[in-house]
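Chemist: I'd like to ask some things about the structure below.
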Amino acid sequence: MNPNKALWEKGDFTRIAETMRGSGESLVEDLGISEGQKVLDLGCGDGTTALPAARRGADVLGVDIASNLVEAGNRRAEREGLDNCRFEEGDASDLNGLADQTFDVVVSIFGAMFAPRPFDVAKEMVRVTRSGGTVVMGNWIPNDPTLVAQILRISAAYSPPPPEGFISPMTWGVEDNVLERFGSAGVPAERISFKRDTYTFESPTSPSSLLEAFRTYYGPTMNAFDAAESDGRHADLQNELETLFNEQNTSSSPDETSIPATFLRVTVAVP
Ligand SMILES: C[S@@+](CC[C@H](N)C(=O)[O-])C[C@H]1O[C@@H](n2cnc3c(N)ncnc32)[C@H](O)[C@@H]1O
């Protein structure tokens, strides 16, 4: 089984995605996605950005490697009666079923960054975007002090070293890497812009309960706990993450969580 697919089919990412809906809606509004545009949401999960784009009248395809998330996305679209939004399985490193220059906007929020072979990912995103269209990526930033970068840093410290040749997804949060990858896909640096942006994780539960959701449903955290358990360090991992979640919570109510997390927003104007 493809380990990239196995990681995201493990658990149930929809439980985490539920805490990210507000930020997904704000982002889509900010992108100005409009009626009739053809939008690809790549690494779409269960449609945190795909559904708001479809509600604005765009014709949306969500592509994700995890079959459970594709099913969940299709169920959400059906429940809302959005027949302009469909989800299918695919790999961001090889979008072989999609024709060149199909989409006005390709958006990938914390999605394509997790695919292997980043140069192929950049090439594929550019290939399926029409000339004059836009690619937008949201990428977590290595060593950033906010939530997700820290979860991934702490989790890595409790996990076995990655296989030889593995390229960390976090490298997508470094501007020079992004320029090099899109550069090799034929996009000059002046057509690529960067901005620091924020997603806020919001939950009507305590920070410790939100951590419990990550421990139970979020593949990368589940794997870290599996590894920590096998060498007797799971209590240390739990403590480090409890401290992180509680320190980062900005809600004044002890039974609610609101944690802002910084990411690199990449905008590519496709030539
Ligand atoms: C952190 S989740 C983000 C999901 C969604 N974009 C959102 O904002 O909620 C990462 C997503 O990327 C997907 N993914 C990981 N590797 C992928 C690949 N090679 N091709 C397509 N999707 C991938 C996962 O299945 C998962 O749905």
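In the structure tokens, chains take the letters A, B, ... in the order shown, each chain's residues start at 1, and ligands count up from 1 in the order shown.
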As a ChimeraX atom specification, list the residues of region 27-239 of chain A assigned to strand (DSSP E) by DSSP on the backbone atoms of this structure.

Modeler: /A:38-42,59-64,85-89,103-109,129-140,192-203

Chemist: Within 12 Å of Pro260 (chain A), counting only C-alpha atoms, which residues qualify if same-chain residues fewer than 6 places away don't, as a PDB file with N, CA and C atoms, in the first residue's frame?

Modeler:
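What follows is the written file result21.pdb:
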```
ATOM      1  N   THR A  19     -12.896  21.539  12.488  1.00  0.00           N
ATOM      2  CA  THR A  19     -12.433  22.690  13.278  1.00  0.00           C
ATOM      3  C   THR A  19     -11.817  23.784  12.384  1.00  0.00           C
ATOM      4  N   MET A  20     -11.778  23.518  11.062  1.00  0.00           N
ATOM      5  CA  MET A  20     -11.095  24.430  10.141  1.00  0.00           C
ATOM      6  C   MET A  20     -12.053  25.086   9.142  1.00  0.00           C
ATOM      7  N   GLY A  22     -14.336  27.535   9.257  1.00  0.00           N
ATOM      8  CA  GLY A  22     -14.437  29.002   9.194  1.00  0.00           C
ATOM      9  C   GLY A  22     -13.291  29.579   8.377  1.00  0.00           C
ATOM     10  N   SER A  23     -12.090  29.082   8.618  1.00  0.00           N
ATOM     11  CA  SER A  23     -10.925  29.607   7.888  1.00  0.00           C
ATOM     12  C   SER A  23     -10.993  29.246   6.407  1.00  0.00           C
ATOM     13  N   PRO A 145       6.553  28.861  15.085  1.00  0.00           N
ATOM     14  CA  PRO A 145       6.183  28.541  16.470  1.00  0.00           C
ATOM     15  C   PRO A 145       4.712  28.167  16.670  1.00  0.00           C
ATOM     16  N   THR A 146       3.884  28.263  15.631  1.00  0.00           N
ATOM     17  CA  THR A 146       2.446  28.027  15.853  1.00  0.00           C
ATOM     18  C   THR A 146       2.088  26.539  15.702  1.00  0.00           C
ATOM     19  N   LEU A 147       0.778  26.248  15.896  1.00  0.00           N
ATOM     20  CA  LEU A 147       0.317  24.889  16.198  1.00  0.00           C
ATOM     21  C   LEU A 147       0.813  23.764  15.291  1.00  0.00           C
ATOM     22  N   VAL A 148       0.502  23.843  14.002  1.00  0.00           N
ATOM     23  CA  VAL A 148       0.696  22.636  13.187  1.00  0.00           C
ATOM     24  C   VAL A 148       2.180  22.336  12.965  1.00  0.00           C
ATOM     25  N   ALA A 149       2.964  23.403  12.714  1.00  0.00           N
ATOM     26  CA  ALA A 149       4.407  23.188  12.554  1.00  0.00           C
ATOM     27  C   ALA A 149       4.967  22.541  13.822  1.00  0.00           C
ATOM     28  N   ASP A 197      -0.165  33.858   6.226  1.00  0.00           N
ATOM     29  CA  ASP A 197      -1.611  33.889   6.441  1.00  0.00           C
ATOM     30  C   ASP A 197      -1.915  33.028   7.671  1.00  0.00           C
ATOM     31  N   THR A 198      -3.180  33.009   8.085  1.00  0.00           N
ATOM     32  CA  THR A 198      -3.525  32.296   9.318  1.00  0.00           C
ATOM     33  C   THR A 198      -4.766  31.434   9.120  1.00  0.00           C
ATOM     34  N   TYR A 199      -4.710  30.210   9.595  1.00  0.00           N
ATOM     35  CA  TYR A 199      -5.900  29.364   9.744  1.00  0.00           C
ATOM     36  C   TYR A 199      -6.141  29.241  11.246  1.00  0.00           C
ATOM     37  N   THR A 200      -7.399  29.319  11.659  1.00  0.00           N
ATOM     38  CA  THR A 200      -7.690  29.178  13.087  1.00  0.00           C
ATOM     39  C   THR A 200      -8.472  27.884  13.324  1.00  0.00           C
ATOM     40  N   PHE A 201      -7.950  27.073  14.212  1.00  0.00           N
ATOM     41  CA  PHE A 201      -8.616  25.820  14.594  1.00  0.00           C
ATOM     42  C   PHE A 201      -9.616  26.167  15.697  1.00  0.00           C
ATOM     43  N   GLU A 202     -10.896  25.886  15.431  1.00  0.00           N
ATOM     44  CA  GLU A 202     -11.915  26.273  16.406  1.00  0.00           C
ATOM     45  C   GLU A 202     -12.745  25.065  16.804  1.00  0.00           C
ATOM     46  N   SER A 203     -12.869  24.883  18.117  1.00  0.00           N
ATOM     47  CA  SER A 203     -13.604  23.715  18.588  1.00  0.00           C
ATOM     48  C   SER A 203     -14.400  24.079  19.847  1.00  0.00           C
ATOM     49  N   PHE A 245      -0.939  22.631  23.035  1.00  0.00           N
ATOM     50  CA  PHE A 245      -2.335  22.991  22.747  1.00  0.00           C
ATOM     51  C   PHE A 245      -2.853  24.016  23.767  1.00  0.00           C
ATOM     52  N   GLU A 247      -1.058  26.139  25.663  1.00  0.00           N
ATOM     53  CA  GLU A 247      -0.373  27.437  25.545  1.00  0.00           C
ATOM     54  C   GLU A 247      -0.859  28.231  24.338  1.00  0.00           C
ATOM     55  N   GLN A 248      -1.239  27.510  23.273  1.00  0.00           N
ATOM     56  CA  GLN A 248      -1.594  28.228  22.043  1.00  0.00           C
ATOM     57  C   GLN A 248      -3.065  28.648  22.010  1.00  0.00           C
ATOM     58  N   ASN A 249      -3.842  28.150  22.944  1.00  0.00           N
ATOM     59  CA  ASN A 249      -5.273  28.467  22.931  1.00  0.00           C
ATOM     60  C   ASN A 249      -5.504  29.935  23.272  1.00  0.00           C
ATOM     61  N   THR A 250      -6.294  30.614  22.441  1.00  0.00           N
ATOM     62  CA  THR A 250      -6.561  32.032  22.703  1.00  0.00           C
ATOM     63  C   THR A 250      -7.974  32.251  23.240  1.00  0.00           C
ATOM     64  N   SER A 251      -8.752  31.183  23.385  1.00  0.00           N
ATOM     65  CA  SER A 251     -10.122  31.355  23.883  1.00  0.00           C
ATOM     66  C   SER A 251     -10.092  31.646  25.377  1.00  0.00           C
TER      67      SER A 251
END
```

Chemist: Output the neighbourhood of ligand 1 as an NGL selection string, that is, all protein and nucleic acid residues with some atom at most 8 Å from the ligand, counting only C-alpha atoms and all ligand atoms.

Modeler: :A and (4-5 or 7-9 or 13-14 or 16-17 or 20-21 or 24 or 41-49 or 63-66 or 69 or 89-93 or 108-116)

Chemist: Just the residues within 10 Å of Lys10 (chain A), please, counting only C-alpha atoms, with nothing from its chain fewer than 4 positions along; format it as a count of residues only.

Modeler: 11

Chemist: Calculate how many Å separate CA of Ala156 (chain A) from CA of Asp94 (chain A), rounding to one decimal.

Modeler: 26.8 Å

Chemist: Mind giving me the straight-line distance from CA of Glu71 (chain A) to CA of Asp12 (chain A) in Å, one decimal?

Modeler: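 Those two atoms sit 11.7 Å apart.
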
Chemist: List every residue of region 133-266 of chain A that DSSP, applied to the backbone of this structure, assigns to alpha helix (DSSP H), and report them as a VMD selection string.

Modeler: chain A and resid 147 to 157 175 to 184 207 to 217 219 to 230 234 to 248

Chemist: Need to verify the contact set: Val187 (chain A), 12 Å, only C-alpha atoms, exclusion of same-chain residues closer than 3 positions in sequence. Can you return it as a list in words?

Modeler: Ala122, Lys123, Met125, Val126, Arg127, Ser131, Gly132, Thr134, Val135, Val178, Leu179, Glu180, Arg181, Phe182, Gly183, Ser184, Glu190, Arg191, Ile192, Ser193, Thr267, Val268, Ala269, Val270 and Pro271 of chain A

Chemist: To one decimal place, how far is CA of Val121 (chain A) from CA of Ile167 (chain A) in Å?

Modeler: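 Straight-line distance from CA of Val121 (chain A) to CA of Ile167 (chain A) works out to 12.6 Å.
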
Chemist: Of the candidates A:Leu98, A:Leu61, A:Ala185, A:Phe194, which shows the shortest atom-to-atom distance to Asp120 (chain A), using only C-alpha atoms?

Modeler: A:Ala185

Chemist: Measuring between only C-alpha atoms, which one of A:Cys85, A:Tyr158, A:Ser67, A:Ala261 shows the shortest distance to Glu229 (chain A)?

Modeler: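 Checking each of A:Cys85, A:Tyr158, A:Ser67, A:Ala261 against Glu229 (chain A), counting only C-alpha atoms, the winner is A:Tyr158.
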
Chemist: For a quick check of understanding, using only C-alpha atoms, which of A:Gly165, A:Gly138, A:Pro188, A:Pro207 has the smallest distance to Ile259 (chain A)?

Modeler: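 Ranking A:Gly165, A:Gly138, A:Pro188, A:Pro207 by distance to Ile259 (chain A), first place goes to A:Pro207.
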
Chemist: Quick one: of A:Ala189, A:Ile154, A:Leu31, A:Ala213, who's nearest to Asn177 (chain A), counting only C-alpha atoms?

Modeler: A:Ala189
